[in-house]
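Engineer: Please see the structure below; I have some questions.
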Amino acid sequence: MKVAIVRQRYVAHGGAEQFISRFVGELVRQGHEAHIFTHRWISGQETLPGVVFHRVFLLPGGAFFRLVSFAVFSHLAIRREDFDIVHSFERILTADIYRAGDGCHREWLNQRRKILSLWGKMRSWLNPFHWATLLIEKQIYTSRKTRMIIANSQRGKEEIIRHYKTSPEKIEVVYNGVDLQRFHPDNFGRYRDETRRQWGIDDKDFVVLFAGSGFERKGLSALIQAAGLLRRRYLLSPFKVVIAGRGRRERSLKLAKKEGIAGELLFIGAQRNMEQVYAAGDVFVLPTLYDPFANVCLEAMASGLAVITTRINGASELMTGPLAPFVIVEAYDIERIADLMFQLSDPSFRAQIGQRSREVAERFPEEGQFEKIFSLYTRVRKNKAIQL
């Protein structure tokens, strides 16, 4: 098949970006032709056999101009050629298959309003980026030209149906997969000591990991407040909160100083070798305000870590049985987060939970996810042929 893949930035860091890169590799390995429609990619990738890059023009300016210009210009660029499948990982005007990896923007705005001040709500309402996103989102969720929508959680599917009345038959739930070899408990022996040494962290320190870009949405403030409570109420020491990803550090540091734990925070930025990061940790915490499916949670589970996250994170749907107590109802249930972290400070208990996490992750290999998407390609292509 001749397949168009649409992604605004085709770069190395970020869970979605790495997934798309591996997916395209498998697409080409199976003999298909991949055309990447993107504004930016890593130099040298254009020489990859079986992959053709098409640069999509973006208007200069803020997020509003990037969103609208990419949606329009990618649509115009794709129309110049015939493709068996147009598969978009971005909100654009038309696609055969849209992977709703970013979830439902209308739902995110609803959740965000819960923590915004009155002024913040007014600013959000007046922001043209949100209005444009909602219009484009409505187009792709309701258009007849969108033949299939891939949701990465059951919750995500239900949100799309609730907000846009999309037919349930048009939405396929395909949970994220994980590279079970790269993210493996054996990494504790391979990387733990050296990674901690590089960070200046002692082997006896209890290390809480957080990973995600966009600290507000991912709930870093809730984690910092819970870590402050961990120090005051449970007198747990020594511990460190290691933060991977991109976001506004100033606000987080100000809150950490208020909580008296500024010295316990360590920002390490975006990381390509996340398997080494997980190996250095003791527990992974992501009290996200909204996340269709945080792949970092599945990676941490595959690495043998206990995970604490919120019910509104699609990845929580995998956390059943012994893992269910580590799914919190509200992101800002600070006392519950602190209590769960304290429970997991017991090495033998967190080892049991970590083993169960790995067992769950083994049910979601990345190869299985790829095969499910390829089967959707076949279905959509057949339907297109029938309609022609």
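In the structure tokens, the first chain shown is A, the next is B, and so on; residue numbers restart at 1 for each chain, and ligands run from 1 in the order shown.
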Within 7 Å of region 131-147 of chain A, counting only C-alpha atoms, which residues show up once you throw out same-chain ones fewer than 6 positions away? Write them as an NGL selection string, please.

Structural biologist: :A and (91-97 or 105-106 or 164 or 166 or 170 or 380)

Engineer: Save the residues we just selected, N, CA and C atoms, as a compact mmCIF listing (two decimals), in the first residue's frame?

Structural biologist:
# COMPACT_ATOMS: atom_id res chain seq x y z
N ARG A 91 -4.83 16.59 14.27
CA ARG A 91 -6.15 17.09 13.91
C ARG A 91 -6.01 17.88 12.61
N ILE A 92 -6.49 17.29 11.50
CA ILE A 92 -6.44 17.95 10.20
C ILE A 92 -7.84 17.91 9.59
N LEU A 93 -7.98 18.39 8.36
CA LEU A 93 -9.31 18.53 7.77
C LEU A 93 -9.89 17.19 7.32
N THR A 94 -9.07 16.34 6.70
CA THR A 94 -9.58 15.04 6.24
C THR A 94 -8.51 13.98 6.37
N ALA A 95 -8.93 12.76 6.69
CA ALA A 95 -8.03 11.60 6.74
C ALA A 95 -8.89 10.35 6.69
N ASP A 96 -8.35 9.28 6.10
CA ASP A 96 -9.07 8.01 6.12
C ASP A 96 -9.14 7.47 7.54
N ILE A 97 -7.98 7.54 8.23
CA ILE A 97 -7.88 7.05 9.60
C ILE A 97 -7.27 8.16 10.46
N HIS A 105 -10.27 17.32 22.70
CA HIS A 105 -9.90 18.64 23.23
C HIS A 105 -11.03 19.25 24.05
N ARG A 106 -12.25 19.01 23.66
CA ARG A 106 -13.39 19.54 24.41
C ARG A 106 -13.40 18.96 25.83
N TYR A 164 -19.40 14.40 20.34
CA TYR A 164 -19.60 14.64 18.91
C TYR A 164 -20.60 13.69 18.25
N THR A 166 -20.44 10.75 17.41
CA THR A 166 -19.83 9.88 16.40
C THR A 166 -20.35 8.45 16.58
N LYS A 170 -17.65 3.42 14.19
CA LYS A 170 -16.58 4.13 13.47
C LYS A 170 -15.31 4.27 14.32
N VAL A 380 -10.23 -0.57 5.81
CA VAL A 380 -10.54 0.74 5.24
C VAL A 380 -10.28 0.74 3.74

Engineer: So that I can check the surroundings of Glu194 (chain A), please list as a PyMOL selection string every protein, DNA and RNA residue that reaches within 12 Å of it, counting only C-alpha atoms and ignoring chain neighbours fewer than 5 positions away.

Structural biologist: chain A and resi 187-189+199-203+276-277+279-280

Engineer: If DSSP is run on the backbone, what residues of region 35-270 of chain A are strand (DSSP E)? A reply as number ranges by chain would be ideal.

Structural biologist: A: 35-38, 40-41, 51-55, 85-88, 97-99, 148-151, 171-173, 206-211, 239-244, 265-269

Engineer: CA of Val329 (chain A) to CA of Leu220 (chain A): how many Å, to one decimal?

Structural biologist: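 Going from CA of Val329 (chain A) over to CA of Leu220 (chain A) covers 16.1 Å.
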
Engineer: Mind checking which residues fall within 8 Å of region 248-250 of chain A, counting only C-alpha atoms, ignoring those fewer than 3 positions away in the same chain, and posting them as an MDAnalysis selection string?

Structural biologist: chainID A and resid 214:215 253:254

Engineer: Out of A:Ala306, A:Ile334, A:Val327, A:Ala315, which residue has the shortest atom-to-atom distance to Arg358 (chain A) when counting only C-alpha atoms?

Structural biologist: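 Result for the nearest residue to Arg358 (chain A): A:Ala306.
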
Engineer: For region 83-89 of chain A, list every protein, DNA or RNA residue within 10 Å, evaluated using only C-alpha atoms, and leave out those in the same chain fewer than 4 positions away; present the list as a VMD selection string.

Structural biologist: chain A and resid 1 to 8 16 to 17 20 33 to 37 78 to 79 93 to 102 146 148 to 150 377 to 378 380 to 382 384 to 385

Engineer: Would you compute the distance between CA of His75 (chain A) and CA of Gly103 (chain A)? Give it in Å to one decimal.

Structural biologist: 20.9 Å

Engineer: CA of Ile328 (chain A) and CA of Gln154 (chain A) are how many Å apart?

Structural biologist: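 Calculated distance between CA of Ile328 (chain A) and CA of Gln154 (chain A) is 17.6 Å.
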
Engineer: Please provide the set of residues having any atom within 9 Å of Glu367 (chain A), restricted to only C-alpha atoms, with same-chain residues fewer than 2 positions apart removed, written as a ChimeraX atom specification.

Structural biologist: /A:26,177-179,364-365,369-372

Engineer: Since we have the selection now, will you write its residues out, keeping N, CA and C atoms, as a compact mmCIF listing (two decimals), in the first residue's frame?

Structural biologist:
# COMPACT_ATOMS: atom_id res chain seq x y z
N GLU A 26 8.11 -0.47 10.73
CA GLU A 26 7.44 -1.74 10.51
C GLU A 26 6.62 -1.70 9.23
N GLY A 177 0.87 -0.08 22.71
CA GLY A 177 1.76 -1.20 22.97
C GLY A 177 3.10 -0.70 23.48
N VAL A 178 3.94 -1.62 23.89
CA VAL A 178 5.23 -1.24 24.47
C VAL A 178 6.31 -2.20 23.98
N ASP A 179 7.51 -1.71 23.83
CA ASP A 179 8.67 -2.52 23.46
C ASP A 179 9.12 -3.27 24.71
N PHE A 364 0.56 -6.44 26.28
CA PHE A 364 0.41 -5.36 25.30
C PHE A 364 1.72 -5.09 24.56
N PRO A 365 2.21 -6.11 23.85
CA PRO A 365 3.44 -5.89 23.06
C PRO A 365 3.18 -4.93 21.92
N GLN A 369 0.01 -4.17 18.70
CA GLN A 369 -0.62 -2.90 18.36
C GLN A 369 -0.47 -2.61 16.87
N PHE A 370 0.73 -2.84 16.34
CA PHE A 370 0.97 -2.61 14.92
C PHE A 370 0.05 -3.48 14.07
N GLU A 371 -0.08 -4.73 14.42
CA GLU A 371 -0.90 -5.65 13.63
C GLU A 371 -2.36 -5.24 13.62
N LYS A 372 -2.85 -4.75 14.76
CA LYS A 372 -4.24 -4.29 14.81
C LYS A 372 -4.45 -3.09 13.89

Engineer: Quick one: of A:Thr309, A:Val242, A:Phe206, A:Tyr278, who's nearest to Arg190 (chain A), counting only C-alpha atoms?

Structural biologist: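 Answer, going by the shortest atom-to-atom distance: A:Tyr278.
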
Engineer: Extract, using only C-alpha atoms, all DNA, RNA and protein residues at most 10 Å from Gly304 (chain A), discarding same-chain residues fewer than 3 positions from it, and format them as a PyMOL selection string.

Structural biologist: chain A and resi 183-188+278-279+282-283+298-301+307+350-359+361

Engineer: Just the selected residues (N, CA and C atoms), exported as a compact mmCIF listing (two decimals), in the first residue's frame, please.

Structural biologist:
# COMPACT_ATOMS: atom_id res chain seq x y z
N PHE A 183 12.09 -1.98 27.42
CA PHE A 183 11.63 -1.65 28.76
C PHE A 183 11.44 -2.95 29.52
N HIS A 184 12.40 -3.28 30.35
CA HIS A 184 12.45 -4.60 30.98
C HIS A 184 13.03 -4.47 32.39
N PRO A 185 12.56 -5.27 33.35
CA PRO A 185 13.11 -5.21 34.71
C PRO A 185 14.60 -5.51 34.78
N ASP A 186 15.15 -6.21 33.79
CA ASP A 186 16.60 -6.46 33.79
C ASP A 186 17.40 -5.17 33.73
N ASN A 187 16.75 -4.08 33.32
CA ASN A 187 17.45 -2.80 33.23
C ASN A 187 17.88 -2.27 34.60
N PHE A 188 17.23 -2.74 35.66
CA PHE A 188 17.67 -2.32 37.00
C PHE A 188 19.14 -2.70 37.20
N TYR A 278 13.79 4.89 33.91
CA TYR A 278 12.92 4.01 34.70
C TYR A 278 13.76 3.11 35.61
N ALA A 279 14.90 2.66 35.11
CA ALA A 279 15.74 1.75 35.89
C ALA A 279 16.28 2.40 37.16
N ASP A 282 12.14 4.18 41.77
CA ASP A 282 11.49 3.22 42.65
C ASP A 282 9.99 3.16 42.41
N VAL A 283 9.41 4.28 42.02
CA VAL A 283 7.97 4.33 41.75
C VAL A 283 7.75 5.41 40.70
N LEU A 298 2.74 2.77 30.73
CA LEU A 298 2.93 1.40 30.25
C LEU A 298 4.42 1.06 30.17
N GLU A 299 5.24 2.03 29.78
CA GLU A 299 6.69 1.80 29.74
C GLU A 299 7.23 1.54 31.15
N ALA A 300 6.77 2.32 32.12
CA ALA A 300 7.20 2.13 33.50
C ALA A 300 6.76 0.77 34.03
N MET A 301 5.54 0.35 33.69
CA MET A 301 5.05 -0.95 34.12
C MET A 301 5.89 -2.07 33.51
N VAL A 307 3.15 1.91 39.50
CA VAL A 307 2.68 3.15 38.89
C VAL A 307 1.48 3.69 39.66
N ARG A 350 6.74 -2.85 47.07
CA ARG A 350 6.81 -2.29 45.72
C ARG A 350 7.40 -3.30 44.72
N ALA A 351 8.20 -4.24 45.21
CA ALA A 351 8.71 -5.29 44.33
C ALA A 351 7.56 -6.19 43.87
N GLN A 352 6.64 -6.50 44.77
CA GLN A 352 5.46 -7.31 44.41
C GLN A 352 4.61 -6.58 43.37
N ILE A 353 4.36 -5.30 43.61
CA ILE A 353 3.53 -4.52 42.69
C ILE A 353 4.25 -4.34 41.35
N GLY A 354 5.55 -4.14 41.41
CA GLY A 354 6.33 -4.01 40.18
C GLY A 354 6.30 -5.26 39.32
N GLN A 355 6.33 -6.42 39.97
CA GLN A 355 6.25 -7.69 39.23
C GLN A 355 4.89 -7.83 38.56
N ARG A 356 3.83 -7.44 39.29
CA ARG A 356 2.49 -7.51 38.71
C ARG A 356 2.38 -6.52 37.54
N SER A 357 2.99 -5.35 37.67
CA SER A 357 2.98 -4.37 36.58
C SER A 357 3.60 -4.95 35.32
N ARG A 358 4.71 -5.62 35.46
CA ARG A 358 5.36 -6.23 34.30
C ARG A 358 4.46 -7.29 33.67
N GLU A 359 3.79 -8.09 34.47
CA GLU A 359 2.91 -9.13 33.95
C GLU A 359 1.78 -8.53 33.12
N ALA A 361 1.88 -5.53 31.57
CA ALA A 361 2.47 -4.94 30.38
C ALA A 361 2.76 -5.98 29.31

Engineer: Could you pull out all residues of region 293-330 of chain A with a DSSP call of alpha helix (DSSP H) and give them as a ChimeraX atom specification?

Structural biologist: /A:295-302

Engineer: Measuring between only C-alpha atoms, which one of A:Ile308, A:Leu180, A:Met274, A:Ala77 shows the shortest distance to Gly368 (chain A)?

Structural biologist: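 Going through A:Ile308, A:Leu180, A:Met274, A:Ala77 one by one, the smallest distance to Gly368 (chain A) is for A:Leu180.
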